[in-house]
$ cat query-v6.txt   # compact mmCIF, C-alpha atoms and all ligand atoms
# COMPACT_ATOMS: atom_id res chain seq x y z
CA MET T 1 106.27 -64.98 -86.30
CA ASN T 2 102.69 -64.45 -87.42
CA GLY T 3 100.70 -61.32 -86.55
CA ARG T 4 98.51 -63.02 -83.96
CA TRP T 5 101.46 -64.19 -81.89
CA LEU T 6 103.22 -60.85 -82.17
CA LEU T 7 100.07 -59.14 -80.91
CA THR T 8 99.70 -61.66 -78.08
CA ILE T 9 103.28 -61.05 -76.96
CA LEU T 10 102.74 -57.31 -77.07
CA ILE T 11 99.57 -57.63 -74.97
CA VAL T 12 101.27 -59.87 -72.40
CA VAL T 13 104.15 -57.37 -72.12
CA ALA T 14 101.57 -54.61 -71.75
CA LEU T 15 99.76 -56.48 -68.96
CA VAL T 16 102.98 -56.95 -66.99
CA ALA T 17 104.22 -53.41 -67.66
CA GLY T 18 100.78 -52.02 -66.70
CA ALA T 19 100.76 -53.93 -63.41
CA VAL T 20 104.31 -52.82 -62.56
CA THR T 21 103.67 -49.19 -63.52
CA GLY T 22 100.42 -49.20 -61.54
CA GLN T 23 102.18 -50.54 -58.49
CA LEU T 24 104.96 -47.92 -58.80
CA LEU T 25 102.36 -45.15 -59.03
CA HIS T 26 100.23 -46.54 -56.20
CA ASP T 27 99.27 -43.95 -53.59
CA PRO T 28 98.63 -45.67 -50.23
CA GLU T 29 96.75 -42.60 -48.96
CA PHE T 30 94.23 -42.86 -51.79
CA ASN T 31 90.80 -44.33 -51.05
CA PRO T 32 89.06 -45.34 -54.32
CA VAL T 33 85.66 -45.29 -52.62
CA ASP T 34 85.88 -41.73 -51.33
CA VAL T 35 84.96 -39.26 -54.10
CA ASN T 36 86.70 -36.40 -52.29
CA CYS T 37 90.03 -38.20 -52.08
CA VAL T 38 92.54 -37.13 -54.73
CA HIS T 39 95.25 -39.51 -55.96
CA LYS T 40 98.71 -38.00 -55.90
CA HIS T 41 99.28 -38.94 -59.56
CA ILE T 42 95.83 -37.85 -60.66
CA GLN T 43 96.98 -36.40 -63.96
CA VAL T 44 98.82 -39.53 -65.06
CA LEU T 45 95.80 -41.59 -64.03
CA GLN T 46 93.48 -39.38 -66.03
CA THR T 47 95.68 -39.91 -69.09
CA PHE T 48 95.59 -43.70 -68.56
CA ASP T 49 91.84 -43.57 -68.16
CA PHE T 50 91.54 -41.59 -71.38
CA ILE T 51 93.69 -44.02 -73.38
CA GLY T 52 92.19 -47.15 -71.85
CA THR T 53 88.54 -46.30 -71.39
CA THR T 54 87.76 -43.53 -73.83
CA VAL T 55 89.93 -44.68 -76.73
CA PHE T 56 90.43 -48.47 -76.48
CA MET T 57 87.19 -49.53 -74.81
CA GLY T 58 85.33 -46.87 -76.76
CA LEU T 59 86.52 -48.36 -80.06
CA LEU T 60 85.44 -51.84 -79.04
CA LYS T 61 82.12 -50.70 -77.60
CA MET T 62 81.40 -48.78 -80.78
CA LEU T 63 81.10 -52.17 -82.55
CA ILE T 64 78.96 -54.00 -80.02
CA ILE T 65 75.43 -53.21 -81.18
CA PRO T 66 75.98 -53.71 -84.93
CA LEU T 67 78.03 -56.80 -84.16
CA ILE T 68 75.36 -58.37 -81.95
CA ALA T 69 72.62 -57.64 -84.48
CA SER T 70 74.57 -58.93 -87.51
CA SER T 71 76.09 -61.97 -85.80
CA ILE T 72 72.75 -63.15 -84.43
CA ILE T 73 70.98 -62.64 -87.74
CA VAL T 74 73.77 -64.52 -89.55
CA GLY T 75 73.66 -67.26 -86.89
CA VAL T 76 69.90 -67.72 -86.85
CA THR T 77 69.47 -67.61 -90.62
CA SER T 78 72.24 -70.13 -91.16
CA VAL T 79 70.65 -72.62 -88.76
CA GLY T 80 67.54 -72.40 -90.88
CA ASP T 81 65.59 -75.27 -89.43
CA PHE T 82 63.55 -74.25 -86.37
CA SER T 83 63.65 -77.51 -84.51
CA LYS T 84 67.45 -77.27 -84.76
CA LEU T 85 67.36 -73.69 -83.55
CA GLY T 86 65.14 -74.67 -80.63
CA ARG T 87 67.47 -77.53 -79.72
CA MET T 88 70.46 -75.23 -79.87
CA GLY T 89 68.67 -72.63 -77.74
CA ILE T 90 67.74 -75.16 -75.08
CA ARG T 91 71.26 -76.63 -74.97
CA THR T 92 72.72 -73.15 -74.68
CA ILE T 93 70.48 -72.16 -71.78
CA VAL T 94 71.09 -75.49 -70.01
CA TYR T 95 74.84 -74.98 -70.41
CA TYR T 96 74.68 -71.42 -69.06
CA PHE T 97 72.71 -72.33 -65.95
CA ALA T 98 74.49 -75.62 -65.24
CA THR T 99 77.93 -74.00 -65.30
CA MET T 100 76.78 -70.99 -63.28
CA VAL T 101 75.35 -73.24 -60.58
CA ILE T 102 78.58 -75.27 -60.50
CA ALA T 103 80.53 -72.01 -60.15
CA VAL T 104 78.34 -70.87 -57.25
CA VAL T 105 78.72 -74.20 -55.46
CA ILE T 106 82.51 -74.00 -55.82
CA GLY T 107 82.41 -70.47 -54.42
CA LEU T 108 80.29 -71.57 -51.45
CA ILE T 109 82.58 -74.48 -50.65
CA VAL T 110 85.71 -72.31 -50.82
CA VAL T 111 84.31 -69.47 -48.72
CA THR T 112 82.88 -71.83 -46.10
CA ALA T 113 86.15 -73.71 -45.84
CA MET T 114 88.37 -70.62 -45.72
CA LYS T 115 86.10 -68.43 -43.54
CA PRO T 116 87.75 -65.15 -44.65
CA GLY T 117 85.04 -63.11 -42.89
CA ALA T 118 86.01 -64.35 -39.44
CA GLU T 119 89.03 -62.04 -39.50
CA MET T 120 87.04 -59.01 -40.55
CA THR T 121 84.57 -58.68 -37.68
CA ALA T 122 86.32 -55.65 -36.16
CA ALA T 123 86.40 -53.82 -39.49
CA ALA T 124 82.75 -54.73 -40.06
CA GLN T 125 81.62 -53.37 -36.68
CA SER T 126 83.29 -50.03 -37.37
CA LEU T 127 81.73 -49.49 -40.81
CA PRO T 128 79.75 -46.27 -41.09
CA ASP T 129 76.14 -46.87 -42.21
CA THR T 130 76.56 -44.50 -45.11
CA MET T 131 79.43 -46.44 -46.64
CA TYR T 132 77.37 -47.91 -49.46
CA GLN T 133 74.30 -46.38 -51.05
CA PRO T 134 72.86 -48.38 -53.93
CA ASP T 135 71.63 -46.21 -56.76
CA GLU T 136 67.88 -45.70 -57.05
CA ASN T 137 67.41 -48.01 -59.98
CA VAL T 138 69.19 -50.91 -58.33
CA ALA T 139 67.50 -50.28 -55.02
CA SER T 140 64.05 -50.36 -56.59
CA THR T 141 64.83 -53.50 -58.61
CA ALA T 142 66.27 -55.16 -55.53
CA SER T 143 63.42 -54.13 -53.28
CA GLY T 144 61.03 -55.86 -55.68
CA GLY T 145 62.94 -59.07 -54.89
CA LEU T 146 62.96 -61.81 -57.50
CA ALA T 147 59.69 -60.59 -59.01
CA GLY T 148 61.34 -57.19 -59.51
CA VAL T 149 64.32 -58.80 -61.21
CA THR T 150 62.05 -60.81 -63.51
CA ARG T 151 59.97 -57.75 -64.45
CA ASN T 152 63.13 -55.81 -65.14
CA LEU T 153 64.51 -58.63 -67.30
CA VAL T 154 61.32 -59.03 -69.34
CA SER T 155 61.07 -55.29 -69.95
CA GLN T 156 64.61 -55.38 -71.32
CA ILE T 157 63.85 -58.37 -73.53
CA ILE T 158 60.80 -56.62 -75.04
CA PRO T 159 61.89 -53.03 -75.62
CA THR T 160 59.11 -50.68 -76.68
CA ASN T 161 61.40 -49.01 -79.19
CA ILE T 162 64.16 -51.03 -80.83
CA VAL T 163 65.95 -47.98 -82.19
CA ALA T 164 66.05 -46.44 -78.72
CA ALA T 165 67.22 -49.77 -77.28
CA MET T 166 70.05 -49.81 -79.83
CA ALA T 167 70.94 -46.19 -79.16
CA GLU T 168 71.02 -46.81 -75.43
CA GLY T 169 73.04 -50.01 -75.84
CA GLN T 170 70.37 -52.24 -74.26
CA VAL T 171 71.83 -55.51 -75.36
CA LEU T 172 69.04 -57.90 -74.34
CA GLY T 173 66.48 -56.02 -76.42
CA VAL T 174 68.78 -56.06 -79.44
CA ILE T 175 69.33 -59.80 -79.00
CA SER T 176 65.63 -60.66 -78.81
CA PHE T 177 64.80 -58.42 -81.76
CA SER T 178 67.61 -59.93 -83.86
CA ILE T 179 66.56 -63.51 -83.10
CA PHE T 180 62.97 -62.72 -84.05
CA PHE T 181 64.12 -60.86 -87.17
CA GLY T 182 66.43 -63.73 -88.22
CA VAL T 183 63.67 -66.31 -87.78
CA VAL T 184 61.26 -64.31 -89.94
CA VAL T 185 63.91 -63.70 -92.63
CA THR T 186 64.20 -67.48 -92.92
CA LEU T 187 60.43 -67.79 -93.18
CA ILE T 188 60.13 -65.46 -96.17
CA GLY T 189 62.35 -67.77 -98.25
CA ASP T 190 64.10 -66.44 -101.36
CA LYS T 191 63.00 -62.88 -100.75
CA GLY T 192 65.21 -62.88 -97.65
CA THR T 193 68.43 -63.89 -99.46
CA VAL T 194 69.51 -60.31 -99.96
CA ILE T 195 69.12 -59.60 -96.25
CA VAL T 196 71.18 -62.64 -95.31
CA ALA T 197 73.93 -61.60 -97.77
CA PHE T 198 73.86 -58.05 -96.42
CA PHE T 199 74.27 -59.08 -92.76
CA ASN T 200 76.96 -61.61 -93.67
CA ALA T 201 78.93 -58.78 -95.29
CA VAL T 202 78.33 -56.47 -92.31
CA PHE T 203 79.64 -59.19 -89.99
CA GLU T 204 82.79 -59.67 -92.09
CA VAL T 205 83.46 -55.93 -92.12
CA LEU T 206 83.03 -55.67 -88.35
CA MET T 207 85.47 -58.54 -87.82
CA LYS T 208 88.03 -56.72 -89.96
CA MET T 209 87.45 -53.62 -87.84
CA VAL T 210 88.15 -55.68 -84.70
CA HIS T 211 91.47 -56.83 -86.20
CA THR T 212 92.46 -53.27 -86.82
CA ILE T 213 91.43 -52.05 -83.37
CA MET T 214 93.35 -54.87 -81.70
CA TRP T 215 96.63 -53.29 -82.78
CA ILE T 216 96.09 -50.60 -80.17
CA ALA T 217 95.14 -53.22 -77.58
CA PRO T 218 98.66 -53.31 -76.04
CA LEU T 219 98.46 -49.60 -75.30
CA GLY T 220 94.87 -49.84 -74.05
CA VAL T 221 95.57 -52.87 -71.88
CA PHE T 222 98.66 -51.20 -70.39
CA ALA T 223 96.73 -48.04 -69.54
CA LEU T 224 93.73 -49.86 -68.04
CA LEU T 225 95.82 -52.12 -65.86
CA ALA T 226 98.10 -49.32 -64.66
CA TRP T 227 95.00 -47.24 -63.83
CA SER T 228 93.37 -50.03 -61.79
CA ILE T 229 96.47 -51.02 -59.87
CA ALA T 230 97.66 -47.47 -59.19
CA ARG T 231 94.37 -46.88 -57.40
CA ILE T 232 94.22 -50.08 -55.37
CA GLY T 233 97.78 -51.42 -55.14
CA LEU T 234 98.73 -55.10 -55.19
CA GLY T 235 99.49 -54.93 -51.46
CA VAL T 236 95.77 -55.48 -50.72
CA PHE T 237 96.29 -59.19 -51.29
CA THR T 238 98.29 -59.33 -48.05
CA SER T 239 96.03 -56.99 -46.07
CA ALA T 240 93.07 -57.98 -43.91
CA ILE T 241 90.78 -58.14 -46.93
CA GLY T 242 93.41 -60.31 -48.68
CA LYS T 243 91.96 -63.59 -47.43
CA TYR T 244 88.59 -62.71 -48.97
CA MET T 245 90.31 -61.87 -52.26
CA ILE T 246 92.24 -65.13 -52.14
CA ALA T 247 88.96 -67.01 -51.58
CA VAL T 248 87.41 -65.38 -54.68
CA VAL T 249 90.54 -65.92 -56.77
CA SER T 250 90.86 -69.59 -55.68
CA GLY T 251 87.25 -70.27 -56.62
CA LEU T 252 87.72 -68.57 -59.99
CA LEU T 253 90.90 -70.54 -60.67
CA ILE T 254 89.27 -73.87 -59.79
CA HIS T 255 86.33 -73.09 -62.06
CA GLY T 256 88.29 -71.57 -64.93
CA LEU T 257 91.32 -73.86 -64.97
CA LEU T 258 89.83 -77.17 -63.87
CA VAL T 259 86.04 -77.38 -64.11
CA LEU T 260 85.40 -75.63 -67.44
CA PRO T 261 88.33 -77.40 -69.16
CA LEU T 262 86.99 -80.72 -67.85
CA VAL T 263 83.51 -79.97 -69.20
CA LEU T 264 85.07 -79.04 -72.55
CA LEU T 265 87.13 -82.22 -72.61
CA VAL T 266 84.14 -84.40 -71.83
CA PHE T 267 81.92 -82.86 -74.51
CA CYS T 268 84.40 -82.03 -77.26
CA LYS T 269 87.29 -84.41 -76.68
CA THR T 270 89.69 -81.61 -77.60
CA ASN T 271 92.59 -80.29 -75.60
CA PRO T 272 90.94 -77.55 -73.49
CA TYR T 273 94.16 -75.69 -72.81
CA SER T 274 94.99 -75.44 -76.48
CA PHE T 275 91.50 -73.96 -77.00
CA MET T 276 92.22 -71.59 -74.10
CA SER T 277 95.39 -70.51 -75.88
CA LYS T 278 93.38 -69.85 -79.05
CA MET T 279 91.06 -67.60 -77.01
CA ARG T 280 94.00 -65.81 -75.34
CA GLN T 281 93.44 -62.37 -76.85
CA ALA T 282 89.83 -62.33 -75.70
CA LEU T 283 90.80 -63.47 -72.20
CA MET T 284 93.47 -60.79 -71.87
CA THR T 285 91.10 -58.13 -73.18
CA ALA T 286 88.50 -59.21 -70.60
CA LEU T 287 91.13 -59.00 -67.87
CA ALA T 288 92.01 -55.44 -68.80
CA THR T 289 88.58 -54.04 -69.69
CA ASP T 290 86.44 -55.61 -66.92
CA SER T 291 83.65 -55.88 -69.43
CA SER T 292 82.34 -58.96 -71.25
CA SER T 293 80.43 -56.82 -73.70
CA ALA T 294 83.42 -54.61 -74.59
CA THR T 295 85.33 -57.87 -75.08
CA LEU T 296 82.61 -59.46 -77.24
CA PRO T 297 84.07 -58.34 -80.58
CA VAL T 298 87.41 -59.95 -79.66
CA THR T 299 85.72 -63.09 -78.27
CA MET T 300 83.82 -63.46 -81.52
CA ASP T 301 86.97 -62.97 -83.56
CA CYS T 302 89.04 -65.53 -81.61
CA ALA T 303 86.21 -68.08 -81.49
CA THR T 304 85.35 -67.99 -85.18
CA GLY T 305 89.01 -67.64 -86.20
CA ALA T 306 91.58 -69.72 -84.34
CA GLY T 307 88.93 -71.38 -82.14
CA GLN T 308 87.17 -72.85 -85.20
CA VAL T 309 83.67 -72.36 -83.84
CA SER T 310 81.16 -72.00 -86.68
CA LYS T 311 79.78 -68.50 -87.33
CA LYS T 312 76.33 -70.00 -86.94
CA VAL T 313 76.90 -71.11 -83.34
CA ALA T 314 79.24 -68.28 -82.29
CA GLY T 315 76.76 -65.74 -83.57
CA PHE T 316 74.09 -67.12 -81.34
CA VAL T 317 75.89 -68.38 -78.22
CA LEU T 318 78.47 -65.61 -77.67
CA PRO T 319 76.32 -62.45 -77.68
CA LEU T 320 73.70 -64.14 -75.52
CA GLY T 321 76.42 -65.53 -73.26
CA SER T 322 78.08 -62.16 -72.82
CA THR T 323 74.96 -60.83 -71.13
CA ILE T 324 73.48 -63.94 -69.50
CA ASN T 325 76.26 -66.42 -68.82
CA MET T 326 78.46 -65.12 -66.01
CA ASP T 327 80.11 -67.96 -64.12
CA GLY T 328 82.73 -65.69 -62.58
CA THR T 329 80.17 -63.15 -61.39
CA ALA T 330 77.88 -65.82 -59.91
CA LEU T 331 80.80 -67.35 -58.01
CA TYR T 332 81.98 -63.96 -56.83
CA GLU T 333 78.56 -62.88 -55.58
CA ALA T 334 78.14 -66.07 -53.56
CA VAL T 335 81.58 -65.73 -51.95
CA ALA T 336 81.07 -62.03 -51.23
CA VAL T 337 77.69 -62.43 -49.55
CA VAL T 338 78.81 -65.33 -47.35
CA PHE T 339 81.95 -63.34 -46.51
CA MET T 340 79.86 -60.36 -45.41
CA ALA T 341 77.65 -62.59 -43.27
CA GLN T 342 80.77 -64.10 -41.66
CA ALA T 343 82.15 -60.62 -40.97
CA PHE T 344 78.97 -59.75 -39.09
CA GLY T 345 79.07 -63.00 -37.16
CA ILE T 346 76.02 -64.44 -38.96
CA GLU T 347 76.10 -68.19 -39.45
CA LEU T 348 74.11 -69.12 -42.58
CA THR T 349 72.16 -72.38 -42.55
CA MET T 350 72.12 -74.82 -45.49
CA ALA T 351 68.74 -73.43 -46.55
CA GLN T 352 70.12 -69.88 -46.51
CA LEU T 353 73.15 -71.01 -48.50
CA ALA T 354 70.74 -72.49 -51.02
CA ILE T 355 69.04 -69.08 -51.25
CA VAL T 356 72.47 -67.55 -51.87
CA ALA T 357 73.11 -70.13 -54.62
CA VAL T 358 69.85 -69.48 -56.44
CA THR T 359 69.84 -65.70 -56.14
CA ALA T 360 73.56 -65.36 -56.95
CA THR T 361 72.90 -67.25 -60.20
CA LEU T 362 69.94 -65.01 -61.06
CA ALA T 363 71.77 -61.86 -59.99
CA ALA T 364 74.64 -62.83 -62.30
CA VAL T 365 72.18 -63.33 -65.17
CA GLY T 366 70.74 -59.90 -64.43
CA ALA T 367 74.15 -58.21 -64.21
CA ALA T 368 75.04 -56.09 -67.21
CA SER T 369 78.33 -57.03 -68.85
CA ILE T 370 80.05 -53.83 -67.75
CA PRO T 371 82.58 -53.05 -65.01
CA SER T 372 81.30 -53.49 -61.44
CA ALA T 373 77.86 -54.71 -62.49
CA GLY T 374 78.24 -57.77 -60.26
CA LEU T 375 78.86 -55.61 -57.22
CA VAL T 376 75.66 -53.75 -57.94
CA THR T 377 73.36 -56.75 -58.45
CA MET T 378 74.74 -58.31 -55.28
CA VAL T 379 72.18 -56.18 -53.45
CA ILE T 380 69.59 -58.69 -54.73
CA VAL T 381 71.38 -61.60 -53.07
CA VAL T 382 71.84 -59.72 -49.79
CA ASP T 383 68.19 -58.75 -49.87
CA ALA T 384 66.96 -62.31 -50.41
CA VAL T 385 69.18 -63.70 -47.64
CA ASN T 386 68.11 -60.89 -45.31
CA SER T 387 64.41 -61.64 -45.84
CA ASN T 388 65.05 -65.18 -44.69
CA LEU T 389 67.28 -64.10 -41.79
CA ALA T 390 64.61 -61.66 -40.64
CA LEU T 391 61.93 -64.37 -40.85
CA SER T 392 63.95 -66.64 -38.62
CA GLY T 393 64.61 -63.81 -36.18
CA GLN T 394 68.36 -63.57 -36.90
CA PRO T 395 70.29 -60.31 -37.34
CA ILE T 396 70.52 -59.23 -40.99
CA ILE T 397 73.54 -58.30 -43.15
CA PRO T 398 73.62 -54.49 -43.34
CA LEU T 399 74.02 -53.20 -46.89
CA ALA T 400 76.85 -51.06 -45.56
CA ALA T 401 78.82 -54.33 -45.49
CA ILE T 402 79.40 -53.85 -49.21
CA GLY T 403 81.71 -51.06 -48.04
CA LEU T 404 84.11 -53.78 -46.87
CA ILE T 405 84.69 -55.09 -50.38
CA ILE T 406 83.95 -52.18 -52.68
CA GLY T 407 87.52 -50.86 -52.57
CA VAL T 408 89.03 -54.04 -54.00
CA ASP T 409 86.23 -54.75 -56.43
CA ARG T 410 88.09 -53.64 -59.54
CA LEU T 411 90.84 -56.24 -59.11
CA LEU T 412 88.32 -59.03 -58.59
CA ASP T 413 86.22 -57.75 -61.48
CA MET T 414 89.19 -58.25 -63.81
CA LEU T 415 89.38 -61.91 -62.90
CA ARG T 416 85.67 -62.70 -62.80
CA THR T 417 85.16 -61.04 -66.19
CA THR T 418 87.93 -63.24 -67.62
CA VAL T 419 86.14 -66.34 -66.29
CA ASN T 420 82.82 -65.01 -67.66
CA VAL T 421 84.31 -64.70 -71.16
CA TRP T 422 86.05 -68.08 -70.89
CA GLY T 423 82.72 -69.68 -69.92
CA ASP T 424 81.09 -68.16 -73.01
CA ALA T 425 83.86 -69.45 -75.26
CA VAL T 426 83.70 -72.98 -73.80
CA GLY T 427 79.92 -72.93 -74.25
CA ALA T 428 80.22 -71.92 -77.90
CA LYS T 429 82.75 -74.69 -78.57
CA ILE T 430 80.57 -77.33 -76.89
CA ILE T 431 77.33 -76.28 -78.59
CA ASP T 432 79.18 -76.21 -81.90
CA SER T 433 80.49 -79.74 -81.51
CA LEU T 434 77.05 -81.03 -80.42
CA ASP T 435 75.60 -79.29 -83.46
CA THR T 436 77.95 -81.02 -85.91
CA ASP T 437 77.58 -84.37 -84.14
CA GLN T 438 73.87 -84.69 -84.76
N1 LIG P 1 82.34 -56.96 -65.28
C1 LIG P 1 81.64 -58.20 -65.41
C2 LIG P 1 81.46 -58.54 -66.88
O1 LIG P 1 81.42 -57.67 -67.71
C3 LIG P 1 80.32 -58.20 -64.72
C4 LIG P 1 80.55 -58.09 -63.25
O2 LIG P 1 80.68 -56.99 -62.73
O3 LIG P 1 80.68 -59.13 -62.57
O4 LIG P 1 81.36 -59.68 -67.23

$ encode --input "query-v6.txt" --output "structure tokens" --more "lines below"
Ligand code: ASP
Amino acid sequence: MNGRWLLTILIVVALVAGAVTGQLLHDPEFNPVDVNCVHKHIQVLQTFDFIGTTVFMGLLKMLIIPLIASSIIVGVTSVGDFSKLGRMGIRTIVYYFATMVIAVVIGLIVVTAMKPGAEMTAAAQSLPDTMYQPDENVASTASGGLAGVTRNLVSQIIPTNIVAAMAEGQVLGVISFSIFFGVVVTLIGDKGTVIVAFFNAVFEVLMKMVHTIMWIAPLGVFALLAWSIARIGLGVFTSAIGKYMIAVVSGLLIHGLLVLPLVLLVFCKTNPYSFMSKMRQALMTALATDSSSATLPVTMDCATGAGQVSKKVAGFVLPLGSTINMDGTALYEAVAVVFMAQAFGIELTMAQLAIVAVTATLAAVGAASIPSAGLVTMVIVVDAVNSNLALSGQPIIPLAAIGLIIGVDRLLDMLRTTVNVWGDAVGAKIIDSLDTDQ
């Protein structure tokens, strides 16, 4: 058995063992939303959190900034020709938005057909107003509406200090700087060769570091999953909120297992499920870490290794995709907002559903690739729908409604992050095959 398969088997065993252990440790009295509530196995959970978050995710996150910078510089300099780079950029952005919109539409169809909110009206009426308080930053971005989101996005793309942006892990700024840097390295001709060689070597070293870190992935994955499930419990799937969770999961499965594979088949004529199997370590890491950016080093490794995506394309499409392209998050936000409206007895019109579709896509673009980011940017979607509801004299969705879903967010985050990473990988494969075709 080769090392990759051995590692995969160990990670799968860890996922199952983590879920079982989490369920055994589950404390039904524990409320993950209430900061004053103490879990009865708090010490074990703290140990899991330490192994999973501090050690495993910490090791992966440690590589993100140098990896993004080196992979983009390697990618951009190896494309060389600017018209080619422009074409690749346009195709990438078209792919991101097209698949996110498809994901949102699937989410809207599923949630409208299943109506999970209809069963939650009683719980919604009894929600205390204080249940959800968005943090100041989010509230001010959201209150600026779409203009606020755009301003926020542009200020991230043009950081005033690149070193500070790197130190603070502001990925978008690092991406824009690296693209600009890579383009100019190409322009200076021979003088830039040493820089290209340097970043190529940095990239190779970082990939080797990922391989090494992945050997503790089974332990990290076990600890993260046990931590999540011990706090929430798998029983929630059969509780009142279960139908909402099933709606999100069904949408994610349709998009991840049918739509994206179909898109891949149409464009690449390769077996999509065999490509999915080649990306398996990245998908399992996404499931456990809830973070596309923490998973990025593994996504890059699987895509350029077994997935046979060129370094040139992977270096460009994957880092950008990990922050911008979030099919799972877009789908989830659409389902969640319609669910909340249903719970408060608000019937959304087609026009309001269209507002949900557009803002959920933009809110997903704006979501950072970290745990629970999608829950946070959902405020933007609620806000946009509420403006329209208020204009037409209808009751609005109270922000406290987020209190209905916040408790189960971690479990849904695991699945939407997996779909986010899968969408990035499919995009890289498609752009790569279009690149070699021309
Ligand atoms: N956790 C997701 C990701 O990293 C973002 C989200 O919260 O939806 O891709």

$ closest_atom_pairs --input "query-v6.txt" --of "chain T" --to "ligand LIG 1 (chain P)" --cutoff "8 Å" --atoms "all atoms listed in the file" --output "tab-separated table"
residue	atom	partner	partner_atom	distance
T:Ala286	CA	P:LIG1	O1	7.8
T:Asp290	CA	P:LIG1	N1	4.6
T:Ser291	CA	P:LIG1	O1	3.3
T:Ser292	CA	P:LIG1	O1	3.9
T:Ser293	CA	P:LIG1	O1	6.1
T:Ala294	CA	P:LIG1	O1	7.8
T:Ser322	CA	P:LIG1	O4	6.9
T:Thr323	CA	P:LIG1	O4	7.6
T:Met326	CA	P:LIG1	O4	6.3
T:Gly328	CA	P:LIG1	O3	6.9
T:Thr329	CA	P:LIG1	O3	4.2
T:Ala330	CA	P:LIG1	O3	7.7
T:Tyr332	CA	P:LIG1	O3	7.6
T:Ala364	CA	P:LIG1	O3	7.1
T:Ala367	CA	P:LIG1	C3	6.2
T:Ala368	CA	P:LIG1	C3	6.2
T:Ser369	CA	P:LIG1	O1	3.4
T:Ile370	CA	P:LIG1	O1	4.1
T:Pro371	CA	P:LIG1	N1	3.9
T:Ser372	CA	P:LIG1	O2	3.8
T:Ala373	CA	P:LIG1	O2	3.6
T:Gly374	CA	P:LIG1	O2	3.6
T:Leu375	CA	P:LIG1	O2	6.0
T:Val376	CA	P:LIG1	O2	7.7
T:Asp413	CA	P:LIG1	N1	5.5
T:Met414	CA	P:LIG1	N1	7.1
T:Arg416	CA	P:LIG1	O3	6.1
T:Thr417	CA	P:LIG1	O4	4.2
T:Thr418	CA	P:LIG1	O4	7.5
T:Asn420	CA	P:LIG1	O4	5.5
T:Val421	CA	P:LIG1	O4	7.0

$ residues_around --input "query-v6.txt" --residues "T:Ile216" --least-positions-apart "5" --cutoff "10 Å" --atoms "only C-alpha atoms" --output "list in words"
Leu7, Leu10, Ile11, Ile51, Gly52, Val55, Phe56, Leu59, His211 and Val221 of chain T

$ residues_around --input "query-v6.txt" --residues "T:Ile213" --least-positions-apart "5" --cutoff "12 Å" --atoms "all atoms listed in the file" --output "PyMOL selection string"
chain T and resi 7+55-63+206-208+218-220+285+295+297-298+301

$ write_last_selection --input "query-v6.txt" --atoms "C-alpha atoms" --output "PDB file, in the frame of the given file"
ATOM      1  CA  LEU T   7     100.070 -59.140 -80.910  1.00  0.00           C
ATOM      2  CA  VAL T  55      89.930 -44.680 -76.730  1.00  0.00           C
ATOM      3  CA  PHE T  56      90.430 -48.470 -76.480  1.00  0.00           C
ATOM      4  CA  MET T  57      87.190 -49.530 -74.810  1.00  0.00           C
ATOM      5  CA  GLY T  58      85.330 -46.870 -76.760  1.00  0.00           C
ATOM      6  CA  LEU T  59      86.520 -48.360 -80.060  1.00  0.00           C
ATOM      7  CA  LEU T  60      85.440 -51.840 -79.040  1.00  0.00           C
ATOM      8  CA  LYS T  61      82.120 -50.700 -77.600  1.00  0.00           C
ATOM      9  CA  MET T  62      81.400 -48.780 -80.780  1.00  0.00           C
ATOM     10  CA  LEU T  63      81.100 -52.170 -82.550  1.00  0.00           C
ATOM     11  CA  LEU T 206      83.030 -55.670 -88.350  1.00  0.00           C
ATOM     12  CA  MET T 207      85.470 -58.540 -87.820  1.00  0.00           C
ATOM     13  CA  LYS T 208      88.030 -56.720 -89.960  1.00  0.00           C
ATOM     14  CA  PRO T 218      98.660 -53.310 -76.040  1.00  0.00           C
ATOM     15  CA  LEU T 219      98.460 -49.600 -75.300  1.00  0.00           C
ATOM     16  CA  GLY T 220      94.870 -49.840 -74.050  1.00  0.00           C
ATOM     17  CA  THR T 285      91.100 -58.130 -73.180  1.00  0.00           C
ATOM     18  CA  THR T 295      85.330 -57.870 -75.080  1.00  0.00           C
ATOM     19  CA  PRO T 297      84.070 -58.340 -80.580  1.00  0.00           C
ATOM     20  CA  VAL T 298      87.410 -59.950 -79.660  1.00  0.00           C
ATOM     21  CA  ASP T 301      86.970 -62.970 -83.560  1.00  0.00           C
TER      22      ASP T 301
END

$ residues_near_point --input "query-v6.txt" --point "(89.5, -68.3, -52.3)" --cutoff "10 Å" --atoms "only C-alpha atoms" --output "list in words"
Ile106, Gly107, Leu108, Ile109, Val110, Val111, Thr112, Ala113, Met114, Lys115, Pro116, Gly242, Lys243, Tyr244, Met245, Ile246, Ala247, Val248, Val249, Ser250, Gly251, Leu252, Leu253, Ile254, Tyr332 and Val335 of chain T

$ atom_distance --input "query-v6.txt" --atom1 "atom CA of T:Gly22" --atom2 "atom CA of T:Thr377"
28.3 Å

$ closest_residue --input "query-v6.txt" --among "T:Met279, T:Ala288, T:Ala103, T:Ile396" --to "T:Ala226" --atoms "only C-alpha atoms"
T:Ala288

$ closest_residue --input "query-v6.txt" --among "T:Pro272, T:Gly235, T:Gly403, T:Pro395" --to "T:Lys429" --atoms "all atoms listed in the file"
T:Pro272

$ residues_around --input "query-v6.txt" --residues "T:Ala306" --least-positions-apart "4" --cutoff "10 Å" --atoms "all atoms listed in the file" --output "list in words"
Arg4, Phe275, Ser277, Lys278, Met279, Asp301 and Cys302 of chain T
